[in-house]
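Everything below belongs to work09.txt, which stores compact mmCIF, C-alpha atoms and all ligand atoms.
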```txt
# COMPACT_ATOMS: atom_id res chain seq x y z
CA MET G 1 111.57 112.32 26.53
CA SER G 2 113.94 110.52 24.24
CA SER G 3 116.32 111.72 21.62
CA GLU G 4 116.31 110.69 17.96
CA THR G 5 118.21 111.74 14.86
CA VAL G 6 116.59 113.29 11.83
CA LYS G 7 118.47 113.13 8.54
CA LEU G 8 117.56 115.11 5.46
CA THR G 9 119.17 115.76 2.12
CA ALA G 10 119.16 119.24 0.65
CA ARG G 11 119.96 120.15 -2.91
CA PHE G 12 122.03 123.19 -3.88
CA LYS G 13 122.42 124.36 -7.43
CA LEU G 14 125.84 125.78 -8.18
CA LYS G 15 125.91 129.17 -9.84
CA GLU G 16 128.76 128.24 -12.10
CA ALA G 17 131.14 125.35 -12.62
CA PRO G 18 134.72 126.30 -13.36
CA GLU G 19 136.76 124.30 -15.87
CA GLY G 20 138.66 122.62 -13.03
CA LEU G 21 135.47 121.12 -11.71
CA TYR G 22 134.75 119.34 -14.99
CA ASP G 23 138.27 117.92 -14.93
CA LEU G 24 137.59 116.68 -11.44
CA PHE G 25 134.38 114.96 -12.60
CA LYS G 26 136.35 113.28 -15.37
CA THR G 27 139.18 112.13 -13.12
CA TYR G 28 136.80 110.86 -10.45
CA HIS G 29 134.75 108.99 -13.00
CA GLU G 30 137.89 107.30 -14.32
CA ILE G 31 138.96 106.32 -10.82
CA VAL G 32 135.57 104.90 -9.80
CA ASN G 33 135.42 102.83 -12.96
CA TYR G 34 138.98 101.60 -12.46
CA LEU G 35 138.01 100.58 -8.91
CA ILE G 36 134.80 98.86 -10.00
CA THR G 37 136.71 96.86 -12.59
CA TYR G 38 139.33 95.98 -9.99
CA ALA G 39 136.66 94.90 -7.50
CA TYR G 40 134.91 92.89 -10.22
CA GLU G 41 138.03 91.10 -11.43
CA ASN G 42 139.18 90.25 -7.92
CA ASN G 43 135.72 89.83 -6.44
CA ILE G 44 136.27 92.36 -3.66
CA THR G 45 133.32 93.60 -1.62
CA SER G 46 135.30 95.03 1.27
CA PHE G 47 136.01 98.75 1.24
CA TYR G 48 139.21 98.32 3.26
CA ARG G 49 140.62 95.64 1.02
CA LEU G 50 139.84 97.59 -2.14
CA LYS G 51 141.44 100.70 -0.69
CA GLU G 52 144.53 98.83 0.50
CA GLU G 53 145.16 97.10 -2.80
CA THR G 54 144.69 100.15 -5.01
CA TYR G 55 145.65 103.16 -2.96
CA TYR G 56 149.36 103.44 -3.76
CA SER G 57 149.08 102.99 -7.49
CA LEU G 58 146.25 105.53 -7.64
CA ARG G 59 148.21 107.92 -5.45
CA GLU G 60 151.06 107.71 -7.91
CA LYS G 61 148.85 108.19 -10.92
CA TYR G 62 146.96 111.16 -9.44
CA PRO G 63 149.49 112.84 -7.12
CA GLU G 64 147.63 116.16 -7.05
CA LEU G 65 144.26 114.75 -6.08
CA PRO G 66 143.35 115.17 -2.38
CA SER G 67 143.51 111.66 -0.93
CA HIS G 68 139.97 111.67 0.44
CA TYR G 69 138.66 111.48 -3.12
CA LEU G 70 140.28 108.08 -3.31
CA TYR G 71 138.51 107.01 -0.12
CA THR G 72 135.09 108.11 -1.27
CA ALA G 73 135.68 106.59 -4.73
CA CYS G 74 136.43 103.28 -2.99
CA GLN G 75 133.19 103.61 -1.01
CA MET G 76 131.20 104.25 -4.16
CA ALA G 77 132.91 101.45 -6.08
CA THR G 78 132.26 98.90 -3.33
CA SER G 79 128.62 99.81 -3.05
CA ILE G 80 128.14 99.78 -6.84
CA TYR G 81 129.86 96.42 -7.15
CA LYS G 82 127.81 94.97 -4.29
CA SER G 83 124.52 96.05 -5.80
CA TYR G 84 125.67 94.71 -9.17
CA ARG G 85 126.33 91.32 -7.55
CA LYS G 86 122.89 91.34 -6.01
CA ARG G 87 121.27 92.10 -9.36
CA ARG G 88 123.37 89.46 -11.10
CA ARG G 89 122.26 86.84 -8.58
CA ARG G 90 118.67 87.66 -9.50
CA GLY G 91 119.59 87.39 -13.18
CA LYS G 92 119.15 91.10 -13.74
CA ALA G 93 122.71 92.12 -14.63
CA ARG G 94 124.89 90.99 -17.45
CA GLY G 95 128.40 91.86 -18.51
CA LYS G 96 130.65 93.96 -16.40
CA PRO G 97 129.55 96.68 -13.96
CA VAL G 98 130.11 100.23 -15.17
CA PHE G 99 129.59 103.56 -13.46
CA LYS G 100 127.81 105.86 -15.88
CA LYS G 101 126.75 108.78 -13.73
CA GLU G 102 128.67 111.97 -13.20
CA VAL G 103 128.78 111.95 -9.43
CA ILE G 104 131.48 112.79 -6.92
CA MET G 105 131.06 111.70 -3.34
CA LEU G 106 132.46 114.09 -0.73
CA ASP G 107 133.35 113.58 2.91
CA ASP G 108 133.90 116.30 5.49
CA HIS G 109 137.57 116.71 4.53
CA LEU G 110 136.70 117.62 0.98
CA PHE G 111 134.15 120.35 1.42
CA LYS G 112 133.00 123.03 3.77
CA LEU G 113 129.55 124.49 3.45
CA GLU G 114 129.00 128.13 4.31
CA LEU G 115 125.23 128.36 4.23
CA LYS G 116 125.04 132.00 5.22
CA ARG G 117 127.38 133.15 2.49
CA GLY G 118 125.89 130.78 -0.04
CA VAL G 119 129.26 129.25 -0.78
CA VAL G 120 130.79 125.80 -0.69
CA ARG G 121 134.56 125.50 -0.39
CA LEU G 122 135.89 122.48 -2.19
CA SER G 123 139.29 120.78 -2.11
CA THR G 124 140.54 120.15 -5.63
CA PRO G 125 143.84 119.19 -7.25
CA ARG G 126 144.37 122.93 -7.72
CA GLY G 127 143.75 123.79 -4.10
CA ARG G 128 140.63 125.03 -2.35
CA ILE G 129 138.06 126.72 -4.53
CA SER G 130 134.90 128.59 -3.57
CA LEU G 131 131.71 127.80 -5.45
CA GLY G 132 128.59 129.91 -5.08
CA PHE G 133 125.15 128.31 -5.05
CA TYR G 134 121.62 129.63 -5.45
CA PRO G 135 120.03 129.91 -2.04
CA THR G 136 116.43 128.83 -1.64
CA LYS G 137 114.06 129.46 1.19
CA TYR G 138 114.16 125.89 2.37
CA HIS G 139 117.93 125.97 2.85
CA GLU G 140 117.46 128.37 5.76
CA LYS G 141 115.99 125.71 7.97
CA PHE G 142 119.29 123.82 7.98
CA LYS G 143 121.32 126.54 9.53
CA ASP G 144 121.73 124.82 12.91
CA TRP G 145 122.02 121.30 11.52
CA ARG G 146 125.09 119.10 11.34
CA VAL G 147 126.60 118.62 7.90
CA GLY G 148 127.39 115.05 6.86
CA GLN G 149 128.24 113.53 3.50
CA ALA G 150 127.62 115.22 0.20
CA TRP G 151 127.53 114.48 -3.51
CA LEU G 152 128.35 116.67 -6.45
CA VAL G 153 126.12 115.73 -9.35
CA LYS G 154 126.53 116.85 -12.93
CA THR G 155 123.25 117.01 -14.85
CA PRO G 156 122.11 118.60 -18.11
CA LYS G 157 120.67 121.36 -15.91
CA GLY G 158 123.93 122.20 -14.21
CA VAL G 159 125.96 120.99 -11.27
CA PHE G 160 124.22 120.27 -7.96
CA LEU G 161 125.52 119.66 -4.50
CA ASN G 162 123.40 117.25 -2.42
CA VAL G 163 124.15 117.52 1.26
CA VAL G 164 122.99 115.27 4.09
CA PHE G 165 122.08 117.25 7.20
CA SER G 166 121.30 115.75 10.57
CA ARG G 167 119.95 116.93 13.84
CA GLU G 168 119.02 115.50 17.26
CA VAL G 169 115.42 116.02 18.27
CA GLU G 170 113.59 115.48 21.56
CA ILE G 171 110.62 113.13 21.25
CA LYS G 172 107.88 113.50 23.84
CA GLU G 173 106.13 110.57 25.48
CA PRO G 174 103.07 109.88 23.26
CA LYS G 175 99.62 110.00 24.86
CA ASP G 176 98.08 107.90 22.11
CA PHE G 177 98.60 107.01 18.46
CA LEU G 178 97.08 108.07 15.20
CA GLY G 179 96.80 105.01 12.95
CA VAL G 180 97.77 105.88 9.38
CA ASP G 181 96.85 103.63 6.48
CA LEU G 182 98.38 104.65 3.15
CA ASN G 183 96.60 103.56 0.02
CA GLU G 184 96.96 104.26 -3.64
CA ASN G 185 94.27 106.89 -3.70
CA ASN G 186 93.53 107.77 -0.11
CA VAL G 187 95.05 108.10 3.32
CA THR G 188 92.87 106.83 6.14
CA LEU G 189 93.43 107.94 9.72
CA SER G 190 92.18 106.23 12.84
CA LEU G 191 91.82 108.68 15.72
CA PRO G 192 91.94 107.78 19.41
CA ASN G 193 88.43 109.22 19.92
CA GLY G 194 87.00 106.54 17.64
CA GLU G 195 86.65 108.77 14.60
CA PHE G 196 88.13 108.18 11.18
CA VAL G 197 89.37 110.68 8.65
CA GLN G 198 89.78 109.78 5.03
CA ILE G 199 91.77 112.07 2.77
CA ILE G 200 91.34 111.44 -0.94
CA THR G 201 94.72 112.06 -2.54
CA HIS G 202 93.95 111.77 -6.28
CA GLU G 203 97.37 110.24 -6.68
CA ARG G 204 96.02 107.58 -8.99
CA GLU G 205 94.53 110.17 -11.35
CA ILE G 206 97.79 112.09 -11.46
CA ARG G 207 99.77 108.95 -12.19
CA THR G 208 97.33 107.64 -14.75
CA GLY G 209 97.43 110.99 -16.51
CA TYR G 210 101.19 110.86 -16.84
CA PHE G 211 101.05 107.20 -17.79
CA VAL G 212 98.77 108.02 -20.72
CA LYS G 213 101.03 110.90 -21.71
CA ARG G 214 104.08 108.64 -21.74
CA LYS G 215 102.31 106.05 -23.86
CA LYS G 216 101.34 108.74 -26.38
CA ILE G 217 104.92 109.97 -26.63
CA GLN G 218 106.18 106.44 -27.13
CA LYS G 219 103.66 105.88 -29.88
CA LYS G 220 104.15 109.15 -31.75
CA ILE G 221 107.86 109.83 -31.45
CA LYS G 222 110.36 107.26 -32.50
CA ALA G 223 113.02 106.10 -30.08
CA GLY G 224 115.93 108.48 -29.75
CA LYS G 225 117.27 111.52 -28.04
CA ARG G 226 114.15 113.66 -28.42
CA ARG G 227 111.88 110.98 -27.02
CA ARG G 228 114.16 110.36 -24.08
CA LYS G 229 114.24 114.06 -23.34
CA LEU G 230 110.47 114.40 -23.42
CA LEU G 231 109.96 111.34 -21.25
CA ARG G 232 112.46 112.70 -18.76
CA LYS G 233 110.69 116.04 -18.68
CA TYR G 234 107.31 114.49 -17.92
CA GLY G 235 108.84 112.06 -15.45
CA GLU G 236 110.29 114.98 -13.56
CA ARG G 237 107.00 116.87 -13.59
CA GLU G 238 105.16 113.87 -12.28
CA ARG G 239 107.64 113.40 -9.46
CA ASN G 240 107.43 117.06 -8.49
CA ARG G 241 103.66 116.97 -8.39
CA ILE G 242 103.60 113.82 -6.30
CA THR G 243 106.25 115.14 -3.91
CA ASP G 244 104.29 118.34 -3.47
CA LEU G 245 101.16 116.32 -2.77
CA TYR G 246 103.02 114.23 -0.17
CA HIS G 247 104.23 117.30 1.69
CA LYS G 248 100.70 118.65 1.93
CA LEU G 249 99.35 115.28 3.07
CA ALA G 250 102.09 114.90 5.66
CA ASN G 251 101.32 118.37 7.05
CA LYS G 252 97.66 117.48 7.45
CA ILE G 253 98.49 114.22 9.21
CA ILE G 254 100.96 115.92 11.57
CA GLU G 255 98.42 118.57 12.41
CA ILE G 256 95.96 115.91 13.57
CA ALA G 257 98.62 113.80 15.32
CA GLU G 258 100.08 116.64 17.33
CA LYS G 259 97.37 116.35 19.96
CA TYR G 260 98.19 112.69 20.67
CA GLY G 261 101.96 112.79 20.26
CA GLY G 262 102.15 109.52 18.30
CA ILE G 263 101.83 108.24 14.73
CA ALA G 264 101.63 104.59 13.70
CA LEU G 265 102.61 103.53 10.19
CA GLU G 266 102.96 100.15 8.59
CA ASN G 267 106.42 98.73 8.20
CA LEU G 268 106.47 98.43 4.43
CA LYS G 269 109.48 96.19 3.89
CA ASN G 270 107.18 93.55 2.40
CA ILE G 271 104.88 95.91 0.62
CA ARG G 272 104.90 93.84 -2.56
CA GLU G 273 102.64 91.24 -1.02
CA HIS G 274 100.59 93.73 0.84
CA VAL G 275 99.39 96.49 -1.42
CA ARG G 276 96.74 96.21 -4.03
CA TYR G 277 98.05 98.07 -7.02
CA SER G 278 96.21 99.05 -10.09
CA ARG G 279 97.41 97.13 -13.07
CA GLU G 280 99.08 99.89 -15.01
CA LEU G 281 101.52 100.78 -12.26
CA ASN G 282 104.52 98.74 -11.46
CA GLY G 283 105.55 97.60 -8.03
CA ARG G 284 108.85 99.38 -7.90
CA LEU G 285 107.22 102.73 -8.39
CA HIS G 286 104.80 101.92 -5.65
CA ARG G 287 107.36 100.91 -3.12
CA TRP G 288 109.23 104.11 -3.86
CA SER G 289 106.04 106.03 -3.51
CA PHE G 290 104.83 104.73 -0.16
CA ARG G 291 108.26 104.84 1.40
CA LYS G 292 108.72 108.38 0.22
CA LEU G 293 105.45 109.51 1.76
CA GLN G 294 106.31 107.65 4.96
CA SER G 295 109.71 109.27 5.20
CA ILE G 296 108.20 112.74 4.79
CA ILE G 297 105.63 112.00 7.51
CA GLU G 298 108.38 110.56 9.71
CA TYR G 299 110.79 113.48 9.61
CA LYS G 300 108.10 116.13 9.89
CA ALA G 301 106.66 114.31 12.90
CA LYS G 302 110.04 113.97 14.58
CA LEU G 303 110.77 117.64 14.13
CA ARG G 304 107.60 118.35 16.11
CA GLY G 305 108.55 115.91 18.86
CA ILE G 306 105.97 113.32 17.75
CA LYS G 307 106.79 109.64 18.21
CA VAL G 308 106.59 107.52 15.05
CA ILE G 309 106.35 103.75 15.25
CA PHE G 310 106.18 101.13 12.54
CA VAL G 311 103.93 98.12 12.98
CA ASP G 312 103.87 94.77 11.22
CA PRO G 313 101.41 95.07 8.32
CA ALA G 314 100.37 91.41 8.49
CA GLN G 315 96.58 91.02 8.55
CA THR G 316 95.84 94.68 9.23
CA SER G 317 93.15 94.49 6.60
CA SER G 318 91.82 91.01 7.26
CA LEU G 319 91.07 90.74 10.99
CA CYS G 320 88.15 92.27 12.88
CA PRO G 321 89.36 95.11 15.10
CA ILE G 322 86.56 94.36 17.59
CA CYS G 323 86.72 90.61 18.14
CA GLY G 324 89.79 89.47 16.20
CA GLU G 325 87.99 87.05 13.85
CA ARG G 326 88.76 86.84 10.14
CA LEU G 327 86.73 89.25 8.01
CA SER G 328 85.11 88.42 4.73
CA PRO G 329 84.44 90.71 1.78
CA LYS G 330 81.00 92.19 1.37
CA GLY G 331 80.85 94.06 -1.89
CA HIS G 332 83.65 96.07 -3.39
CA ARG G 333 85.26 97.89 -0.48
CA VAL G 334 83.43 96.64 2.58
CA LEU G 335 84.52 93.87 4.92
CA LYS G 336 82.27 92.07 7.39
CA CYS G 337 82.90 90.03 10.50
CA GLY G 338 80.93 86.78 10.63
CA ASN G 339 81.40 86.55 14.38
CA CYS G 340 80.30 89.90 15.79
CA GLY G 341 78.62 91.44 12.77
CA PHE G 342 80.93 94.46 12.55
CA GLU G 343 81.34 95.84 9.05
CA ALA G 344 83.28 98.76 7.61
CA ASP G 345 85.31 100.11 4.73
CA ARG G 346 88.55 98.15 4.32
CA ASP G 347 90.78 101.21 4.69
CA VAL G 348 88.98 102.21 7.88
CA ILE G 349 89.65 98.73 9.21
CA GLY G 350 93.28 98.96 8.08
CA SER G 351 93.96 102.20 9.91
CA TRP G 352 92.11 101.01 13.00
CA ASN G 353 94.18 97.82 13.21
CA ILE G 354 97.37 99.81 12.67
CA ARG G 355 96.46 101.99 15.64
CA LEU G 356 95.62 98.95 17.79
CA LYS G 357 98.92 97.30 16.92
CA ALA G 358 100.78 100.46 17.87
CA LEU G 359 99.06 100.56 21.26
CA LYS G 360 100.00 96.97 21.85
CA MET G 361 103.60 97.58 20.84
CA TRP G 362 103.74 100.59 23.09
CA GLY G 363 102.44 98.52 26.00
CA ALA G 364 99.03 100.10 26.43
CA PRO G 365 97.40 98.88 29.65
CA PHE G 366 94.57 96.97 27.95
CA PRO G 367 95.76 95.42 24.72
CA PRO G 368 92.81 95.23 22.35
CA LYS G 369 91.25 91.82 22.28
CA ALA G 370 91.74 91.45 18.55
CA LEU G 371 95.48 91.44 18.87
CA GLN G 372 96.10 89.53 22.07
ZN ZN G 401 84.24 90.80 14.88
```
Can you dump the structure from the file as structure tokens?
Ligand SMILES: [Zn+2]
Amino acid sequence: MSSETVKLTARFKLKEAPEGLYDLFKTYHEIVNYLITYAYENNITSFYRLKEETYYSLREKYPELPSHYLYTACQMATSIYKSYRKRRRRGKARGKPVFKKEVIMLDDHLFKLELKRGVVRLSTPRGRISLGFYPTKYHEKFKDWRVGQAWLVKTPKGVFLNVVFSREVEIKEPKDFLGVDLNENNVTLSLPNGEFVQIITHEREIRTGYFVKRKKIQKKIKAGKRRRKLLRKYGERERNRITDLYHKLANKIIEIAEKYGGIALENLKNIREHVRYSRELNGRLHRWSFRKLQSIIEYKAKLRGIKVIFVDPAQTSSLCPICGERLSPKGHRVLKCGNCGFEADRDVIGSWNIRLKALKMWGAPFPPKALQ
């Protein structure tokens, strides 16, 4: 048994936003932008330094504002400035960094969530106010969780509160590992009994469908507010469909893995080199996609006490899982080993090697020959 932390973000839609809340959004936005400009002009990437050099003047200018808003604004400004610097180094940012979103970051001094009553109590320049939110079924599962940071987000659809919840979970000692290979259109599982399960996800069809739809909109409707709105609408629909698909997939995988107590996934930090994308999809989307599916699998597994480990993806789809020799392509999807004659579908090989790597990492008594 070992203990791990699970973190999840839940979204609450506020029933109404009083006038005072909009003022708070405005003030906070002003402050964050002031801080970003200050950080930019003085090249400050340290939260403490930024806070120290600006705190008293801001305090004077906004005497009514609870001081923790200044702390969180400094946190946001430093992280925005840092990511701006990173982008600028890669030649992807010009001009001066600006904060455009309507977001307020909250720490535990600024809000108190009362899940049961469906109310969040918020510190504001006018004192504590209570804001009701629409409860959903999935909020119930957080009732024993610890509440961490939160963000108030103003959108055209209303004001939302995003809250990070965390919880300690007990992870059981795994008996074996299920190797999970994620691909653009299928998920392939390698089972300890030597069987393989391939789930066709149809993700590519869904994405291609929305891709075609977006192209049509761009062709027919000229650039402007209406086009942006339509594109946003379809973008949102696509994301919802994909997220829904990922939850179902993750549930299936967990169901199979429960028996063994372990799941092995690829560590996708270098996914760009690793995954074979179809041409119409860009890499950023893909990285988002695979990581998102992984994170759903990971937290669902942890909540069931299943151990999740991440293995190095190098050569998982190019070495023979039987003898360890390099494989060569035979036709479209099949790979063949010139040494021992083994041949199989490339995704089957991928998931098998992921499982073998996990066993090796976990210190299985007889590390498979291929990976010694
Ligand atoms: Zn071989």
Using 8 Å as the limit and counting all atoms listed in the file, can you tabulate each residue of stretch 235-352 of chain G that touches stretch 199-217 of chain G, with its shortest atom-to-atom distance in Å and the two atoms involved, as JSON lines?
```
{"residue": "G:Gly235", "atom": "CA", "partner": "G:Tyr210", "partner_atom": "CA", "distance": 7.9}
{"residue": "G:Glu238", "atom": "CA", "partner": "G:Tyr210", "partner_atom": "CA", "distance": 6.8}
{"residue": "G:Ile242", "atom": "CA", "partner": "G:Glu203", "partner_atom": "CA", "distance": 7.2}
{"residue": "G:Leu245", "atom": "CA", "partner": "G:Thr201", "partner_atom": "CA", "distance": 7.7}
{"residue": "G:Leu249", "atom": "CA", "partner": "G:Thr201", "partner_atom": "CA", "distance": 8.0}
{"residue": "G:Glu280", "atom": "CA", "partner": "G:Thr208", "partner_atom": "CA", "distance": 7.9}
```
Exercise. At what distance in Å, to one decimal, does atom CA of G:Tyr84 lie from atom CA of G:Ala10?
Worked result: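 A separation of 27.2 Å between them.
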For this session: May I ask for the distance between atom CA of G:Thr124 and atom CA of G:Thr54, given in Å to one decimal place?
Result: 20.4 Å
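Closest approach to G:Gly262 among G:Val169, G:Leu359, G:Ile221, G:Cys323: G:Leu359, based on all atoms listed in the file.
Taking atom CA of G:Leu70 as the reference point, atom CA of G:Ile31 is found at 7.8 Å.
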Please provide the set of residues having any atom within 7 Å of G:Leu265, restricted to all atoms listed in the file, with same-chain residues fewer than 2 positions apart removed, written as a PDB file with C-alpha atoms, in the coordinates of the input.
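Contents of selection.pdb, freshly written:
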```pdb
ATOM      1  CA  GLY G 179      96.800 105.010  12.950  1.00  0.00           C
ATOM      2  CA  VAL G 180      97.770 105.880   9.380  1.00  0.00           C
ATOM      3  CA  ASP G 181      96.850 103.630   6.480  1.00  0.00           C
ATOM      4  CA  ILE G 263     101.830 108.240  14.730  1.00  0.00           C
ATOM      5  CA  ASN G 267     106.420  98.730   8.200  1.00  0.00           C
ATOM      6  CA  ILE G 309     106.350 103.750  15.250  1.00  0.00           C
ATOM      7  CA  PHE G 310     106.180 101.130  12.540  1.00  0.00           C
ATOM      8  CA  VAL G 311     103.930  98.120  12.980  1.00  0.00           C
ATOM      9  CA  ILE G 354      97.370  99.810  12.670  1.00  0.00           C
TER      10      ILE G 354
END
```
Counting all atoms listed in the file, which residues in chain G sit no more than 6 Å from ligand ZN 401 (chain G)? For each one, give the nearest pair of atoms and the distance in Å, sorted by chain then residue number, as a tab-separated table.
```
residue	atom	partner	partner_atom	distance
G:Cys320	CA	G:ZN401	ZN	4.6
G:Ile322	CA	G:ZN401	ZN	5.0
G:Cys323	CA	G:ZN401	ZN	4.1
G:Gly324	CA	G:ZN401	ZN	5.9
G:Glu325	CA	G:ZN401	ZN	5.4
G:Cys337	CA	G:ZN401	ZN	4.6
G:Asn339	CA	G:ZN401	ZN	5.1
G:Cys340	CA	G:ZN401	ZN	4.1
G:Phe342	CA	G:ZN401	ZN	5.5
```
For this session: Counting all atoms listed in the file, note down every residue that has an atom within 10 Å of the point (116.0, 112.1, 18.3) (file coordinates), as a VMD selection string.
Result: chain G and resid 1 to 6 167 to 172 302 to 303 305 307
Box along x, y and z, 6 Å on every side, all listed atoms of stretch 118-135 of chain G inside: centre and edge lengths in Å to one decimal, as JSON.
```
{"center_x": 132.2, "center_y": 125.0, "center_z": -3.9, "size_x": 36.3, "size_y": 23.6, "size_z": 19.7}
```
Exercise. Which residues come within 10 Å of G:Gly20, counting all atoms listed in the file, excluding same-chain residues fewer than 2 positions away, as an MDAnalysis selection string?
Worked result: chainID G and resid 17:18 22:26 124:126 129
Problem set entry | For G:Val159: contacts at 10 Å, only C-alpha atoms, fewer than 5 positions along chain excluded, given as a PyMOL selection string | chain G and resi 12-17+21-22+102-103+133+152-154
Dump as a short mmCIF file (atom, residue, chain, number, x, y, z; two decimals), keeping the file's coordinate frame, selection limited to C-alpha atoms:
```cif
data_model
loop_
_atom_site.label_atom_id
_atom_site.label_comp_id
_atom_site.auth_asym_id
_atom_site.auth_seq_id
_atom_site.Cartn_x
_atom_site.Cartn_y
_atom_site.Cartn_z
CA PHE G 12 122.03 123.19 -3.88
CA LYS G 13 122.42 124.36 -7.43
CA LEU G 14 125.84 125.78 -8.18
CA LYS G 15 125.91 129.17 -9.84
CA GLU G 16 128.76 128.24 -12.10
CA ALA G 17 131.14 125.35 -12.62
CA LEU G 21 135.47 121.12 -11.71
CA TYR G 22 134.75 119.34 -14.99
CA GLU G 102 128.67 111.97 -13.20
CA VAL G 103 128.78 111.95 -9.43
CA PHE G 133 125.15 128.31 -5.05
CA LEU G 152 128.35 116.67 -6.45
CA VAL G 153 126.12 115.73 -9.35
CA LYS G 154 126.53 116.85 -12.93
#
```
Seminar exercise, completed: Across G:Leu50, G:Leu231, G:Leu182, G:Leu189, the smallest distance to G:Leu268, with all atoms listed in the file counted, is shown by G:Leu182
